[in-house]
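Chemist: Below is the file protein.txt, with compact mmCIF, C-alpha atoms.
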```txt
# COMPACT_ATOMS: atom_id res chain seq x y z
CA MET A 1 0.00 0.00 0.00
CA ALA A 2 1.22 3.53 -0.78
CA PRO A 3 2.46 5.43 2.27
CA ILE A 4 0.32 8.06 3.99
CA ARG A 5 1.69 11.40 2.78
CA VAL A 6 2.19 13.82 5.66
CA ALA A 7 2.45 17.60 5.93
CA LEU A 8 3.88 18.82 9.23
CA ILE A 9 2.83 22.24 10.53
CA GLY A 10 4.99 23.87 13.18
CA LEU A 11 8.39 22.24 12.60
CA SER A 12 10.44 25.39 12.84
CA ALA A 13 14.07 26.42 13.04
CA SER A 14 13.05 29.03 15.63
CA ALA A 15 10.10 27.36 17.38
CA LYS A 16 9.29 28.48 20.91
CA VAL A 17 8.44 24.88 21.73
CA THR A 18 10.01 21.84 20.10
CA TRP A 19 7.19 19.30 20.20
CA ALA A 20 7.12 18.79 16.42
CA ALA A 21 10.85 18.06 16.37
CA ASP A 22 10.84 15.96 19.54
CA ALA A 23 7.60 13.98 19.37
CA HIS A 24 6.66 13.72 15.68
CA LEU A 25 9.73 13.95 13.48
CA PRO A 26 11.67 11.03 15.06
CA TYR A 27 8.86 8.57 14.36
CA LEU A 28 8.11 9.87 10.86
CA LEU A 29 11.78 9.49 9.89
CA SER A 30 12.28 6.16 11.67
CA GLU A 31 12.37 2.80 9.94
CA ILE A 32 9.06 1.75 11.44
CA GLY A 33 7.44 5.11 10.69
CA ARG A 34 8.53 5.04 7.04
CA LYS A 35 6.74 1.70 6.59
CA HIS A 36 3.48 3.64 6.83
CA TYR A 37 4.21 7.33 6.26
CA GLU A 38 6.09 9.65 3.93
CA LEU A 39 6.83 13.18 5.15
CA THR A 40 6.25 15.34 2.06
CA ALA A 41 5.68 18.96 3.13
CA LEU A 42 6.14 21.62 5.79
CA LEU A 43 3.86 24.57 6.51
CA ASN A 44 5.22 27.51 8.47
CA SER A 45 4.37 31.19 8.79
CA SER A 46 6.04 31.84 5.41
CA VAL A 47 7.66 29.86 2.62
CA GLU A 48 11.00 31.25 3.80
CA ALA A 49 10.40 29.92 7.32
CA ALA A 50 9.50 26.51 5.90
CA GLU A 51 12.66 26.52 3.77
CA SER A 52 14.69 27.40 6.86
CA ALA A 53 13.18 24.43 8.73
CA LYS A 54 14.01 22.17 5.80
CA ALA A 55 17.64 23.22 6.04
CA THR A 56 17.77 22.99 9.85
CA PHE A 57 16.37 19.46 9.94
CA ASN A 58 18.05 18.27 6.72
CA LEU A 59 14.83 17.67 4.80
CA PRO A 60 15.78 18.96 1.34
CA ASN A 61 13.13 17.14 -0.69
CA LEU A 62 10.05 18.41 1.11
CA LYS A 63 7.63 20.98 -0.27
CA ALA A 64 7.58 24.30 1.56
CA TYR A 65 4.32 26.14 2.19
CA GLY A 66 3.61 29.51 3.76
CA ASP A 67 -0.18 29.57 3.84
CA PRO A 68 -2.81 26.97 4.86
CA GLU A 69 -4.97 27.33 1.74
CA SER A 70 -2.12 26.35 -0.59
CA LEU A 71 -1.36 23.32 1.53
CA ALA A 72 -5.03 22.31 1.54
CA ALA A 73 -5.09 22.48 -2.26
CA ASP A 74 -2.19 20.03 -2.68
CA PRO A 75 -3.70 16.70 -3.85
CA ASP A 76 -0.55 14.82 -2.86
CA ILE A 77 -1.00 15.26 0.89
CA ASP A 78 -3.15 12.85 2.90
CA LEU A 79 -2.57 13.78 6.55
CA VAL A 80 -1.94 17.25 8.00
CA VAL A 81 -0.28 17.34 11.45
CA VAL A 82 -0.57 20.47 13.60
CA ASN A 83 2.02 21.45 16.24
CA THR A 84 1.58 25.22 16.51
CA ARG A 85 0.54 27.53 19.31
CA VAL A 86 -3.01 26.60 20.31
CA ASP A 87 -4.72 29.79 19.20
CA ILE A 88 -3.75 29.25 15.55
CA HIS A 89 -4.69 25.55 15.38
CA TYR A 90 -8.05 26.38 13.83
CA SER A 91 -6.76 28.75 11.16
CA VAL A 92 -3.96 26.47 9.94
CA VAL A 93 -5.93 23.21 9.84
CA GLU A 94 -9.50 24.18 8.93
CA PRO A 95 -8.78 24.58 5.19
CA SER A 96 -7.29 21.07 5.02
CA LEU A 97 -10.20 19.54 6.92
CA ARG A 98 -12.61 21.34 4.60
CA ALA A 99 -10.66 19.96 1.62
CA GLY A 100 -11.20 16.41 2.88
CA LYS A 101 -7.76 15.69 4.28
CA ALA A 102 -7.14 13.70 7.44
CA ILE A 103 -5.83 15.81 10.32
CA PHE A 104 -3.79 15.23 13.48
CA VAL A 105 -4.13 18.11 15.94
CA GLU A 106 -2.16 18.27 19.15
CA TRP A 107 -3.95 18.98 22.45
CA PRO A 108 -5.50 21.42 23.25
CA LEU A 109 -7.62 21.07 20.14
CA THR A 110 -8.31 24.80 19.78
CA GLU A 111 -8.26 27.87 22.02
CA ASP A 112 -11.86 27.42 23.21
CA LEU A 113 -14.92 25.20 22.94
CA ALA A 114 -16.68 27.41 20.39
CA SER A 115 -13.84 27.13 17.88
CA ALA A 116 -13.55 23.37 18.47
CA ILE A 117 -17.24 22.92 17.66
CA ARG A 118 -16.89 25.20 14.64
CA LEU A 119 -13.92 23.16 13.39
CA THR A 120 -15.80 19.85 13.58
CA ASN A 121 -19.30 21.22 12.85
CA GLY A 122 -20.26 19.39 16.03
CA ARG A 123 -19.89 16.00 14.30
CA PRO A 124 -17.44 13.09 14.59
CA VAL A 125 -14.42 13.21 12.28
CA PRO A 126 -13.38 9.56 11.80
CA ASP A 127 -10.29 10.37 9.72
CA SER A 128 -8.55 12.28 12.47
CA ILE A 129 -6.28 12.12 15.51
CA VAL A 130 -6.11 14.38 18.55
CA GLY A 131 -2.89 14.41 20.54
CA LEU A 132 -4.09 12.87 23.80
CA GLN A 133 -1.19 10.43 23.91
CA GLY A 134 -1.66 9.31 27.51
CA ARG A 135 -4.54 7.07 26.45
CA VAL A 136 -2.15 4.81 24.54
CA ALA A 137 0.98 5.14 26.72
CA PRO A 138 2.08 1.74 28.10
CA LEU A 139 2.01 2.88 31.73
CA PHE A 140 -1.72 3.58 31.59
CA LEU A 141 -2.46 0.51 29.51
CA ARG A 142 -0.74 -1.49 32.25
CA ILE A 143 -2.77 0.20 34.99
CA LYS A 144 -5.98 -0.56 33.13
CA ASP A 145 -4.94 -4.20 32.71
CA ILE A 146 -4.29 -4.45 36.47
CA LEU A 147 -7.78 -3.17 37.20
CA VAL A 148 -9.42 -5.38 34.57
CA ALA A 149 -7.72 -8.39 36.15
CA GLY A 150 -9.49 -7.59 39.43
CA THR A 151 -6.23 -7.17 41.35
CA ILE A 152 -7.74 -4.66 43.79
CA GLY A 153 -11.41 -5.35 43.06
CA LYS A 154 -13.65 -2.52 41.95
CA VAL A 155 -12.45 0.98 42.78
CA PHE A 156 -14.24 2.86 45.58
CA ASN A 157 -12.37 6.13 45.18
CA SER A 158 -9.29 7.62 43.59
CA GLU A 159 -7.11 10.64 44.31
CA ILE A 160 -4.56 12.20 41.98
CA THR A 161 -2.24 15.08 42.85
CA ALA A 162 0.25 16.61 40.43
CA TYR A 163 2.54 19.59 40.12
CA GLY A 164 3.44 21.45 36.95
CA ASN A 165 7.10 21.24 37.84
CA LEU A 166 8.57 21.92 34.40
CA LEU A 167 7.81 25.58 35.10
CA GLU A 168 8.79 27.83 37.99
CA ARG A 169 6.22 29.01 40.49
CA GLU A 170 6.74 32.72 39.95
CA ARG A 171 8.28 33.12 36.47
CA LEU A 172 7.67 32.11 32.88
CA PRO A 173 10.16 31.86 30.04
CA GLU A 174 9.79 34.76 27.62
CA SER A 175 8.75 32.31 24.89
CA LEU A 176 5.82 31.14 27.04
CA GLU A 177 4.44 34.47 28.26
CA TYR A 178 1.14 33.53 26.63
CA PHE A 179 0.70 30.87 29.34
CA ALA A 180 -0.57 33.78 31.48
CA GLU A 181 -3.36 34.63 29.00
CA ARG A 182 -6.38 32.40 29.27
CA LYS A 183 -7.78 33.54 25.89
CA VAL A 184 -4.83 31.91 24.07
CA GLY A 185 -5.94 28.47 25.27
CA GLY A 186 -2.44 27.12 25.84
CA ASN A 187 -1.54 27.20 29.54
CA PRO A 188 -0.50 24.74 32.26
CA ILE A 189 -4.10 23.99 33.24
CA ASN A 190 -5.30 23.24 29.72
CA ILE A 191 -2.13 21.39 28.74
CA HIS A 192 -0.74 19.69 31.84
CA TYR A 193 -3.93 19.10 33.83
CA GLY A 194 -5.76 18.39 30.55
CA HIS A 195 -3.49 15.50 29.59
CA MET A 196 -3.59 14.20 33.14
CA ILE A 197 -7.36 14.16 33.56
CA ASP A 198 -7.76 12.59 30.11
CA TYR A 199 -5.67 9.52 30.94
CA VAL A 200 -7.47 9.25 34.28
CA HIS A 201 -10.78 9.22 32.40
CA GLU A 202 -9.43 6.61 30.01
CA VAL A 203 -8.58 4.31 32.90
CA LEU A 204 -11.42 4.92 35.36
CA GLY A 205 -14.21 6.66 33.43
CA ASP A 206 -15.59 10.12 32.71
CA TRP A 207 -17.15 12.42 35.24
CA GLU A 208 -20.78 11.74 36.10
CA SER A 209 -20.80 15.11 37.86
CA PHE A 210 -18.09 17.30 39.36
CA ASN A 211 -17.38 20.45 41.32
CA ALA A 212 -14.34 22.58 40.58
CA ARG A 213 -12.51 25.31 42.47
CA GLY A 214 -9.39 27.19 41.53
CA GLN A 215 -7.05 29.98 42.54
CA ILE A 216 -4.79 32.44 40.88
CA GLN A 217 -2.16 32.29 43.60
CA ARG A 218 0.25 34.59 41.77
CA HIS A 219 -1.47 37.32 39.79
CA SER A 220 1.85 38.78 38.64
CA LEU A 221 4.57 36.61 37.10
CA GLY A 222 8.16 37.46 36.32
CA VAL A 223 9.79 36.74 32.97
CA VAL A 224 12.99 34.72 32.97
CA GLY A 225 16.00 36.82 32.01
CA SER A 226 14.35 40.22 32.47
CA GLU A 227 12.85 42.61 35.02
CA LYS A 228 9.50 42.38 33.27
CA HIS A 229 6.32 41.28 35.07
CA ILE A 230 3.11 40.19 33.40
CA LYS A 231 -0.43 39.86 34.70
CA SER A 232 -1.96 36.38 34.76
CA ASP A 233 -5.65 35.51 34.48
CA VAL A 234 -4.97 31.74 34.44
CA PRO A 235 -5.49 29.69 37.61
CA ASP A 236 -2.30 28.11 38.91
CA TYR A 237 -4.18 25.78 41.25
CA VAL A 238 -7.28 23.68 40.55
CA SER A 239 -9.11 21.09 42.62
CA VAL A 240 -11.88 19.03 41.08
CA HIS A 241 -13.93 16.34 42.77
CA GLY A 242 -16.96 14.35 41.75
CA THR A 243 -18.46 11.00 40.87
CA LEU A 244 -17.49 8.78 37.95
CA HIS A 245 -19.56 6.99 35.36
CA ASP A 246 -19.33 3.26 35.96
CA LYS A 247 -17.36 1.68 33.09
CA GLY A 248 -17.03 -1.66 34.86
CA LEU A 249 -13.95 -0.96 36.96
CA THR A 250 -15.51 1.16 39.71
CA VAL A 251 -18.39 0.81 42.14
CA PRO A 252 -21.48 2.91 41.38
CA GLY A 253 -20.89 6.45 42.59
CA ALA A 254 -17.11 6.05 42.83
CA LEU A 255 -15.39 9.29 43.78
CA LEU A 256 -12.43 11.03 42.17
CA THR A 257 -10.45 13.97 43.49
CA ALA A 258 -7.96 15.60 41.09
CA THR A 259 -5.63 18.39 42.17
CA PHE A 260 -3.06 20.28 40.11
CA ARG A 261 -0.69 23.05 41.20
CA LEU A 262 1.77 24.96 39.07
CA GLY A 263 5.37 24.82 40.23
CA GLN A 264 7.48 22.44 42.23
CA PRO A 265 6.17 20.12 44.98
CA PHE A 266 7.43 20.01 48.55
CA LYS A 267 11.20 19.50 48.42
CA ASP A 268 12.16 15.90 47.53
CA ASP A 269 8.50 14.84 47.27
CA HIS A 270 6.89 13.22 44.23
CA GLY A 271 5.59 15.53 41.52
CA PHE A 272 2.83 13.04 40.76
CA ARG A 273 0.87 10.69 42.99
CA TRP A 274 -2.19 8.70 41.97
CA THR A 275 -3.95 6.31 44.32
CA MET A 276 -6.90 3.96 43.80
CA ASN A 277 -8.67 2.38 46.76
CA GLY A 278 -10.45 -0.85 45.84
CA GLU A 279 -12.45 -3.64 47.41
CA LYS A 280 -9.41 -5.91 47.91
CA GLY A 281 -6.46 -3.57 47.84
CA GLU A 282 -4.96 -0.32 46.61
CA LEU A 283 -2.72 0.98 43.84
CA ARG A 284 -0.26 3.83 44.12
CA ILE A 285 1.48 5.34 41.10
CA THR A 286 4.28 7.83 41.70
CA ALA A 287 6.52 9.78 39.34
CA PRO A 288 8.67 12.91 39.22
CA GLY A 289 5.84 14.82 37.50
CA PRO A 290 2.54 14.50 35.60
CA PHE A 291 3.93 14.65 32.06
CA LEU A 292 3.76 10.91 31.61
CA MET A 293 2.22 11.10 28.14
CA SER A 294 5.23 12.97 26.76
CA GLY A 295 8.26 11.47 28.48
CA ASP A 296 9.12 14.59 30.47
CA SER A 297 8.60 12.79 33.78
CA TYR A 298 10.86 9.81 33.17
CA TYR A 299 14.03 11.34 34.60
CA GLY A 300 13.26 9.43 37.82
CA PRO A 301 11.45 6.22 38.74
CA VAL A 302 7.83 5.82 37.62
CA THR A 303 6.41 3.10 39.84
CA ILE A 304 3.20 1.14 40.31
CA GLU A 305 2.74 -0.31 43.81
CA HIS A 306 0.05 -2.77 44.92
CA TYR A 307 -1.07 -2.97 48.54
CA ASP A 308 -2.97 -6.24 49.08
CA HIS A 309 -5.33 -5.96 52.04
CA ALA A 310 -5.54 -9.72 52.71
CA SER A 311 -1.78 -10.32 52.96
CA ASN A 312 -0.93 -6.80 54.20
CA GLU A 313 1.93 -6.77 51.68
CA VAL A 314 3.08 -4.12 49.23
CA LYS A 315 4.63 -5.18 45.93
CA LYS A 316 5.88 -3.32 42.88
CA LEU A 317 4.09 -4.16 39.66
CA GLU A 318 6.32 -3.98 36.59
CA TRP A 319 5.64 -2.10 33.38
CA ASP A 320 7.79 -1.21 30.38
CA TRP A 321 7.86 0.33 26.92
CA PRO A 322 7.59 -2.06 23.95
CA ASP A 323 10.94 -2.70 22.29
CA TRP A 324 10.01 -0.85 19.09
CA GLN A 325 9.16 2.27 21.12
CA LYS A 326 12.45 2.04 23.03
CA ALA A 327 14.22 2.62 19.71
CA LEU A 328 12.67 6.12 19.63
CA PRO A 329 13.44 9.15 21.82
CA ILE A 330 11.25 9.05 24.90
CA ARG A 331 9.13 12.10 23.94
CA ALA A 332 8.20 10.43 20.64
CA ARG A 333 7.06 7.06 21.97
CA ALA A 334 3.40 7.58 22.88
CA THR A 335 2.88 9.82 19.85
CA ALA A 336 4.31 7.01 17.71
CA GLU A 337 1.63 4.68 19.06
CA LEU A 338 -1.06 7.08 17.86
CA TYR A 339 0.50 7.06 14.38
CA GLU A 340 0.72 3.26 14.40
CA ARG A 341 -2.92 2.76 15.32
CA TYR A 342 -4.11 5.26 12.75
CA ALA A 343 -2.00 3.67 9.99
CA GLU A 344 -3.33 0.22 10.88
CA TRP A 345 -6.88 1.56 10.42
CA VAL A 346 -6.09 3.21 7.09
CA GLU A 347 -4.31 0.12 5.76
CA SER A 348 -7.30 -2.03 6.82
CA GLY A 349 -9.60 0.02 4.61
CA ARG A 350 -10.88 2.47 7.28
CA PRO A 351 -13.41 0.08 8.88
CA SER A 352 -16.32 1.65 10.78
CA ALA A 353 -15.56 -0.51 13.83
CA VAL A 354 -12.17 -0.64 15.56
CA ARG A 355 -11.15 -3.17 18.20
CA GLN A 356 -11.19 -1.49 21.59
CA GLU A 357 -7.51 -2.21 22.22
CA ARG A 358 -6.57 -0.49 18.94
CA GLU A 359 -8.71 2.63 19.28
CA TRP A 360 -7.13 6.08 19.33
CA PRO A 361 -8.52 9.52 20.27
CA ARG A 362 -10.10 11.44 17.37
CA LEU A 363 -11.26 15.05 17.19
CA GLU A 364 -14.55 14.33 18.93
CA ALA A 365 -12.59 13.16 22.00
CA GLY A 366 -10.88 16.55 22.00
CA VAL A 367 -14.22 18.33 21.75
CA ARG A 368 -15.58 16.36 24.72
CA LEU A 369 -12.58 17.33 26.82
CA MET A 370 -12.94 20.95 25.70
CA LYS A 371 -16.55 20.81 26.94
CA GLU A 372 -15.35 19.50 30.31
CA PHE A 373 -12.90 22.39 30.54
CA ASP A 374 -15.59 24.90 29.58
CA ASP A 375 -17.74 23.61 32.45
CA MET A 376 -14.77 23.51 34.84
CA PHE A 377 -13.71 27.10 34.14
CA ALA A 378 -17.32 28.30 34.40
CA GLN A 379 -17.40 26.92 37.95
CA ILE A 380 -13.97 28.26 38.85
CA TYR A 381 -14.67 31.78 37.58
CA LYS A 382 -17.85 32.07 39.61
CA ASP A 383 -15.44 33.20 42.31
CA HIS A 384 -15.28 36.95 41.67
CA ARG A 385 -11.77 37.06 43.17
CA LEU A 386 -10.41 35.42 40.01
CA ASN A 387 -11.87 38.10 37.75
CA VAL A 388 -9.26 40.74 38.43
```
Could you express the structure from this file as structure tokens?
Modeler:
Amino acid sequence: MAPIRVALIGLSASAKVTWAADAHLPYLLSEIGRKHYELTALLNSSVEAAESAKATFNLPNLKAYGDPESLAADPDIDLVVVNTRVDIHYSVVEPSLRAGKAIFVEWPLTEDLASAIRLTNGRPVPDSIVGLQGRVAPLFLRIKDILVAGTIGKVFNSEITAYGNLLERERLPESLEYFAERKVGGNPINIHYGHMIDYVHEVLGDWESFNARGQIQRHSLGVVGSEKHIKSDVPDYVSVHGTLHDKGLTVPGALLTATFRLGQPFKDDHGFRWTMNGEKGELRITAPGPFLMSGDSYYGPVTIEHYDHASNEVKKLEWDWPDWQKALPIRARATAELYERYAEWVESGRPSAVRQEREWPRLEAGVRLMKEFDDMFAQIYKDHRLNV
């Protein structure tokens, strides 16, 4: 079968973030990636910027585009992959979706719920991927398998606490000043907490109902390398608790509490802790931080522990990356799994039904999560103290 021809948006010689280069390019250029895909084009803010990226990443044979409409009109592109700042996701990908191309959009899908619904026309988009990689990361597949096996019985309640410890508490890098502007849609709550709550939902189930509270603990943030200060209207602490829909792994009315705080945890403490209390035992997952879908929290041990109530013993439960993923840089591994599942579907003739263990998140999954965030922020901003 002919390879899936890919255009990559956001691979830049001067990118403020390097996700396209770190998470997408290694797989697309790898031996396993080239069995299914052919990288054929780049889209940047101008043709000159795309040409510069070609030179930087030694991709001389790719087409270079400077506007989304021209890319959308190219009949020799099948899949358009978006890795830009969130508030331009819609403008760069909508022409290609309208032209009938498949699209892969990183999370967050767009800057707000209204634009996400406008992008999809409120309908499923089968020929699509949204970058919620945690759903297919081996750690969370392993946790789900442990629960399915009945190791701790059905879950009564779960608590997850995480810290956005890739960023400082009181300062932002100059390249990420927009993290302090909620209207942009790309900030630690949407990105870091968003990925985290999505893989929790994938394992345990979606909210049945929830209550959310938040704080802007630091209204003014410094900028690294300067005396500048910027105003923030983005919460740096959120706490959400509620009941979960029963998907077979929890008791009816099971409770979840999810807490996220920007900045570092208590000195020498875990940056991520997730516990599940079940009928026969408990699970505890700990890691340096919550960025488990991207590889940024694997600079220390990521452990699963099982406390068996009957024996009163605690044991570590092993997990690992598949060998083919180990051949890739760590930030590319879960993203590679998304590509693999999508290619398998395309090469099987795009069947209407997909085996549950080979499913991947599509745009409608992103829209659902955007709706959850819309509801969450509506609750948080009822507190007039945040509207400053």
Chemist: Neighbours of Val184 of chain A within 7 Å (only C-alpha atoms; same-chain residues fewer than 6 positions away dropped), as a list in words?
Modeler: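 Answer for this query is Val86, Asp87, Glu111 and Tyr178 of chain A.
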Chemist: I'd like the neighbourhood of Lys183 of chain A as a PyMOL selection string, where a residue qualifies if any of its atoms comes within 12 Å (using only C-alpha atoms), though same-chain residues fewer than 3 positions away should be ignored.
Modeler: chain A and resi 86-88+110-113+115+178-180+186-187+190+232-234
Chemist: Taking only C-alpha atoms into account, which of A:Leu255, A:Leu139, A:Ile191, A:Leu25 comes nearest Trp319 of chain A?
Modeler: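 Nearest candidate to Trp319 of chain A out of A:Leu255, A:Leu139, A:Ile191, A:Leu25: A:Leu139.
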Chemist: How many Å lie between atom CA of Arg118 of chain A and atom CA of Asp198 of chain A, rounded to one decimal?
Modeler: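 Separating atom CA of Arg118 of chain A from atom CA of Asp198 of chain A is a distance of 21.9 Å.
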Chemist: Hey, which of A:His24, A:His309, A:Lys247, A:Lys280 ends up closest to Leu338 of chain A? Count all atoms listed in the file.
Modeler: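 Checking each of A:His24, A:His309, A:Lys247, A:Lys280 against Leu338 of chain A, counting all atoms listed in the file, the winner is A:His24.
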Chemist: Please list as a PyMOL selection string every residue within 10 Å of Leu119 of chain A, counting all atoms listed in the file and excluding residues in the same chain fewer than 3 positions away.
Modeler: chain A and resi 89-91+93-95+97-98+109-110+113-116+122-123+363+367
Chemist: List every protein, DNA or RNA residue that has at least one atom no more than 12 Å from (-6.0, -9.9, 41.1) in the file's coordinates, counting all atoms listed in the file, and write the result as a PDB file with C-alpha atoms, keeping the file's coordinate frame.
Modeler:
```
ATOM      1  CA  ASP A 145      -4.940  -4.200  32.710  1.00  0.00           C
ATOM      2  CA  ILE A 146      -4.290  -4.450  36.470  1.00  0.00           C
ATOM      3  CA  LEU A 147      -7.780  -3.170  37.200  1.00  0.00           C
ATOM      4  CA  VAL A 148      -9.420  -5.380  34.570  1.00  0.00           C
ATOM      5  CA  ALA A 149      -7.720  -8.390  36.150  1.00  0.00           C
ATOM      6  CA  GLY A 150      -9.490  -7.590  39.430  1.00  0.00           C
ATOM      7  CA  THR A 151      -6.230  -7.170  41.350  1.00  0.00           C
ATOM      8  CA  ILE A 152      -7.740  -4.660  43.790  1.00  0.00           C
ATOM      9  CA  GLY A 153     -11.410  -5.350  43.060  1.00  0.00           C
ATOM     10  CA  LYS A 154     -13.650  -2.520  41.950  1.00  0.00           C
ATOM     11  CA  GLY A 278     -10.450  -0.850  45.840  1.00  0.00           C
ATOM     12  CA  GLU A 279     -12.450  -3.640  47.410  1.00  0.00           C
ATOM     13  CA  LYS A 280      -9.410  -5.910  47.910  1.00  0.00           C
ATOM     14  CA  GLY A 281      -6.460  -3.570  47.840  1.00  0.00           C
ATOM     15  CA  GLU A 282      -4.960  -0.320  46.610  1.00  0.00           C
ATOM     16  CA  LEU A 283      -2.720   0.980  43.840  1.00  0.00           C
ATOM     17  CA  HIS A 306       0.050  -2.770  44.920  1.00  0.00           C
ATOM     18  CA  TYR A 307      -1.070  -2.970  48.540  1.00  0.00           C
ATOM     19  CA  ASP A 308      -2.970  -6.240  49.080  1.00  0.00           C
ATOM     20  CA  HIS A 309      -5.330  -5.960  52.040  1.00  0.00           C
ATOM     21  CA  ALA A 310      -5.540  -9.720  52.710  1.00  0.00           C
ATOM     22  CA  LEU A 317       4.090  -4.160  39.660  1.00  0.00           C
TER      23      LEU A 317
END
```
Chemist: For Tyr342 of chain A, list every protein, DNA or RNA residue within 12 Å, evaluated using only C-alpha atoms, and leave out those in the same chain fewer than 4 positions away; present the list as a ChimeraX atom specification.
Modeler: /A:4,33,36-37,79,102-104,126-130,136,335-338,346-351,354,358-362
